[in-house]
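What follows is a set of notes on a single structure, which appears directly below.
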Amino acid sequence: MDEQTKTYPAAANDAIAQSPTANWWDSGWQHWAFAGLICAAYVWLDVGTRWDLAGTYELDKDTNLFARIATGYRAPSMQGRLIFLSSVPSFADAERALSYEAGIKQDLFDKRARMSASVFQYRVKDKQLTATSGTINMNQLINADKVTGQGVELDFQANLSESLRATIGGSYNDTEIDDADLSVRT
């Protein structure tokens, strides 16, 4: 057997075993891994199960119908910017959302243009907002009990030439904050 094809048993003190990353678990990382598991368990218990159900139906070779229902979650937030030494950061609780969307996408003019239209509706519980004072440069995080919204979106894209593309879009949004404790001062 020549020198190039010989195999050697791994030595107990080889370079890999002596590298700083070889024993990462024993070097304190187990504490971070355990803390990560605890945080993940806390988030899972607090957030619960979130899901997303979506579907697409091909009406013909150029037209697709689509629909989606989903839940969402935004973690609690903290505004950490302190204006004065006596300032206290503001906090907002987690928010949870449920949304619906349905629409159509269609390729036009031998796929040189595309049109899409959709309608949507959503509800958010404990919506995180930023309230401003209006007279001085200060703001505070707050939660609104319930926010609802619905609307329509339209979009049109066209490839006018190899180097020129045009896009136009628009939307109508109708939103409402439902919280007896919040108001807008004029």
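By convention here, the chains of the structure tokens are called A, B, ... in the order presented, each chain's residues are numbered starting at 1, and ligands are numbered starting at 1 in the order presented.
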
Restrict the calculation to only C-alpha atoms, then for each residue of stretch 108-137 of chain A with any atom at most 12 Å from an atom of stretch 175-178 of chain A give the closest atom pair and their distance in Å to one decimal, rows by chain and rising residue number, as CSV.
```
residue,atom,partner,partner_atom,distance
A:Phe120,CA,A:Thr175,CA,11.5
A:Gln121,CA,A:Thr175,CA,9.5
A:Tyr122,CA,A:Thr175,CA,9.3
A:Arg123,CA,A:Thr175,CA,9.7
A:Val124,CA,A:Ile177,CA,9.5
A:Lys125,CA,A:Asp178,CA,9.8
A:Asp126,CA,A:Asp178,CA,10.2
A:Lys127,CA,A:Ile177,CA,8.9
A:Gln128,CA,A:Ile177,CA,11.3
A:Leu129,CA,A:Ile177,CA,10.5
```

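Atom to atom, atom CA of A:Lys105 and atom CA of A:Ala70 stand 19.9 Å apart.
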
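Note that the spacing between atom CA of A:Leu98 and atom CA of A:Leu53 amounts to 11.5 Å.
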
What's the 7 Å shell around A:Thr71, counting only C-alpha atoms, without same-chain residues fewer than 6 positions away, as a PyMOL selection string? chain A and resi 50-52+97-99

Take the residues from that selection and put them in a file with all heavy atoms, as a PDB file, in the first residue's frame.
```pdb
ATOM      1  N   ARG A  50     -51.093  29.011  14.373  1.00  0.00           N
ATOM      2  CA  ARG A  50     -51.396  29.930  13.286  1.00  0.00           C
ATOM      3  C   ARG A  50     -51.437  29.109  12.004  1.00  0.00           C
ATOM      4  O   ARG A  50     -50.695  28.147  11.852  1.00  0.00           O
ATOM      5  CB  ARG A  50     -50.344  31.034  13.164  1.00  0.00           C
ATOM      6  CG  ARG A  50     -50.299  31.911  14.387  1.00  0.00           C
ATOM      7  CD  ARG A  50     -51.565  32.754  14.490  1.00  0.00           C
ATOM      8  NE  ARG A  50     -51.672  33.345  15.800  1.00  0.00           N
ATOM      9  CZ  ARG A  50     -52.774  33.288  16.536  1.00  0.00           C
ATOM     10  NH1 ARG A  50     -53.831  32.659  16.130  1.00  0.00           N
ATOM     11  NH2 ARG A  50     -52.826  33.868  17.698  1.00  0.00           N
ATOM     12  N   TRP A  51     -52.286  29.501  11.081  1.00  0.00           N
ATOM     13  CA  TRP A  51     -52.441  28.708   9.864  1.00  0.00           C
ATOM     14  C   TRP A  51     -52.712  29.591   8.670  1.00  0.00           C
ATOM     15  O   TRP A  51     -53.019  30.765   8.808  1.00  0.00           O
ATOM     16  CB  TRP A  51     -53.548  27.666  10.037  1.00  0.00           C
ATOM     17  CG  TRP A  51     -54.838  28.247  10.543  1.00  0.00           C
ATOM     18  CD1 TRP A  51     -55.223  28.372  11.854  1.00  0.00           C
ATOM     19  CD2 TRP A  51     -55.894  28.813   9.766  1.00  0.00           C
ATOM     20  NE1 TRP A  51     -56.451  28.980  11.930  1.00  0.00           N
ATOM     21  CE2 TRP A  51     -56.901  29.256  10.656  1.00  0.00           C
ATOM     22  CE3 TRP A  51     -56.103  28.980   8.400  1.00  0.00           C
ATOM     23  CZ2 TRP A  51     -58.071  29.849  10.221  1.00  0.00           C
ATOM     24  CZ3 TRP A  51     -57.277  29.571   7.968  1.00  0.00           C
ATOM     25  CH2 TRP A  51     -58.248  29.993   8.886  1.00  0.00           C
ATOM     26  N   ASP A  52     -52.575  28.999   7.504  1.00  0.00           N
ATOM     27  CA  ASP A  52     -52.745  29.695   6.235  1.00  0.00           C
ATOM     28  C   ASP A  52     -53.306  28.672   5.253  1.00  0.00           C
ATOM     29  O   ASP A  52     -52.707  27.623   5.038  1.00  0.00           O
ATOM     30  CB  ASP A  52     -51.377  30.192   5.768  1.00  0.00           C
ATOM     31  CG  ASP A  52     -51.444  31.049   4.525  1.00  0.00           C
ATOM     32  OD1 ASP A  52     -52.333  30.835   3.679  1.00  0.00           O
ATOM     33  OD2 ASP A  52     -50.592  31.939   4.391  1.00  0.00           O
ATOM     34  N   ALA A  97     -54.471  38.395  14.041  1.00  0.00           N
ATOM     35  CA  ALA A  97     -55.239  38.797  12.865  1.00  0.00           C
ATOM     36  C   ALA A  97     -55.860  37.586  12.178  1.00  0.00           C
ATOM     37  O   ALA A  97     -55.345  36.471  12.254  1.00  0.00           O
ATOM     38  CB  ALA A  97     -54.337  39.528  11.883  1.00  0.00           C
ATOM     39  N   LEU A  98     -56.982  37.835  11.508  1.00  0.00           N
ATOM     40  CA  LEU A  98     -57.635  36.866  10.640  1.00  0.00           C
ATOM     41  C   LEU A  98     -57.958  37.593   9.347  1.00  0.00           C
ATOM     42  O   LEU A  98     -58.581  38.659   9.371  1.00  0.00           O
ATOM     43  CB  LEU A  98     -58.923  36.325  11.279  1.00  0.00           C
ATOM     44  CG  LEU A  98     -59.769  35.386  10.427  1.00  0.00           C
ATOM     45  CD1 LEU A  98     -59.010  34.105  10.098  1.00  0.00           C
ATOM     46  CD2 LEU A  98     -61.069  35.056  11.154  1.00  0.00           C
ATOM     47  N   SER A  99     -57.498  37.060   8.201  1.00  0.00           N
ATOM     48  CA  SER A  99     -57.701  37.758   6.929  1.00  0.00           C
ATOM     49  C   SER A  99     -58.236  36.817   5.855  1.00  0.00           C
ATOM     50  O   SER A  99     -57.991  35.612   5.882  1.00  0.00           O
ATOM     51  CB  SER A  99     -56.391  38.387   6.452  1.00  0.00           C
ATOM     52  OG  SER A  99     -55.433  37.384   6.165  1.00  0.00           O
TER      53      SER A  99
END
```
